[in-house]
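Inspection log for the structure reproduced underneath, given as structure tokens.
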Protein chains: 2
Amino acid sequence: MKIQLALDRLEIQEAIQLTKLVEHSIDWIEVGTSLIKEFGMTSIKELKNAFPNKKIIADIKTIDNARYEFEMCFKAGADVATVMGVSPLVTIDTCLEVASQHNKQVMIDLLNTSEEQKSYLMKYKDAIFCDHVSKDEQEENGKSQSGIRQTEMFKKHFLKTAVAGGITTDTLKSLKARLNPDVVIIGSAITKAGNPKEAAEKFKDLIVKLEGEHVDE
Amino acid sequence: MKIQLALDRLEIQEAIQLTKLVEHSIDWIEVGTSLIKEFGMTSIKELKNAFPNKKIIADIKTIDNARYEFEMCFKAGADVATVMGVSPLVTIDTCLEVASQHNKQVMIDLLNTSEEQKSYLMKYKDAIFCDHVSKDEQEENGKSQSGIRQTEMFKKHFLKTAVAGGITTDTLKSLKARLNPDVVIIGSAITKAGNPKEAAEKFKDLIVKLEGEHVDE
């Protein structure tokens, strides 16, 4: 189980400094949507330059203009880019095609997808499916992250999954037992911690313990 | 019927130069999603600085993190910002709330919304509803813009509507007759024209003719 560190609502230099503190405990680095929309492709370029050996996930949340946006992300140094599962399927098809041409990966965000949409998405065998409780659902609606996650059906079909939204060391054990995702996406539980280095180490130690072995990059 | 000029897949300075050529024929300026994702908030700031008297639409396509993204857009100088109709309703609620606090407007993008979602969206009386055939549906799928548009039901309830996607002077007349949108969003038919000034004038003249009177800002 990889740890994807989600960097959101930060200046680029803050994001880099923060990541330096925790880089030995985390696996993948997510340039959050808020960084992309605030600073553009510079955010991806600077994070990739600072951490050339880490996998960089551009959370660009594409919903149209797939070819242009995905090529822009890969050119800027991203290894994975995200597309919304609620997009027209032609958009998702195009993301997969562009990623394959660049030998990169696609993460499909399942936010607010219907059962019907999820069933169509199962055909994208090369994608990583990201099940997330959105920021607004957590903050504005007070929705807990402990409910049934929707990636169970994807996992059953041996598809790669990621889980995001309000994950803490307290909820990680049951999440692993129930869904065993390939990636856990952690944001504020590390970035807003009093001691981010310690917080990241706690996550890493817990995962090592839960898996019974060290998870290599 | 206002003309919203959509600026996409351009450098910021190109977008400004292009808009200067056509500013007397167009009403609103849309900073396209591709400009925001490539250059960040700078794109909105520079367009607003260059055209302080025009209404600036930030096509940020929010789908989460509504408060942060909308405040960022309004702070950068946007007068209207866009949210996806396929978002969780709490996200759209938050966009309306933030816009109201700033005395600004929300445009709700109906891309890929279900009938059920559209019926929920009818409650947002202060929003502008944007019906668009997406770039990918046009370019990757060859979908024509001439099909039945989905804003008819919104218009019947006296809600404000915008229509986008592949609109030309040839299709404008039937679009006006059928839907009479408050805003027509024109991108490449102006920005990629051999003579953008002339193309914009043709749209403006046609609208004046169709309406039988001059449309003021």
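Letters A, B, ... go to the chains of the structure tokens in the order shown; residues in each chain start at 1; ligands are counted from 1 in the same order.
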Practice prompt. Pick out the residues sitting within 12 Å of range 92-105 of chain B, and hand them over as a PyMOL selection string; count only C-alpha atoms, and ignore anything fewer than 2 positions along from it in its own chain.
Written response: (chain A and resi 135-137+139-141) or (chain B and resi 55-58+60-75+77-90+107-109+117+120-129+160)
Worksheet item: Hey, what does DSSP flag as strand (DSSP E) within chain A? Can you give it to me as an MDAnalysis selection string?
Response: chainID A and resid 2:7 28:31 55:62 80:84 105:109 128:132 160:164 183:186
Item to complete: Compile the contact shell of Ile29 in chain A as a PyMOL selection string: residues with an atom at most 9 Å away, counting only C-alpha atoms, same-chain residues fewer than 4 positions apart removed.
Response: chain A and resi 3-7+19+23+47+51+54-58
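Across the model, the gap from CA of Glu30 in chain B to CA of His157 in chain B is 25.6 Å.
The residue that comes closest to chain B, out of A:Asn53, A:Ser134, A:Ser114, A:Ser119 and on the basis of only C-alpha atoms, is A:Ser134.
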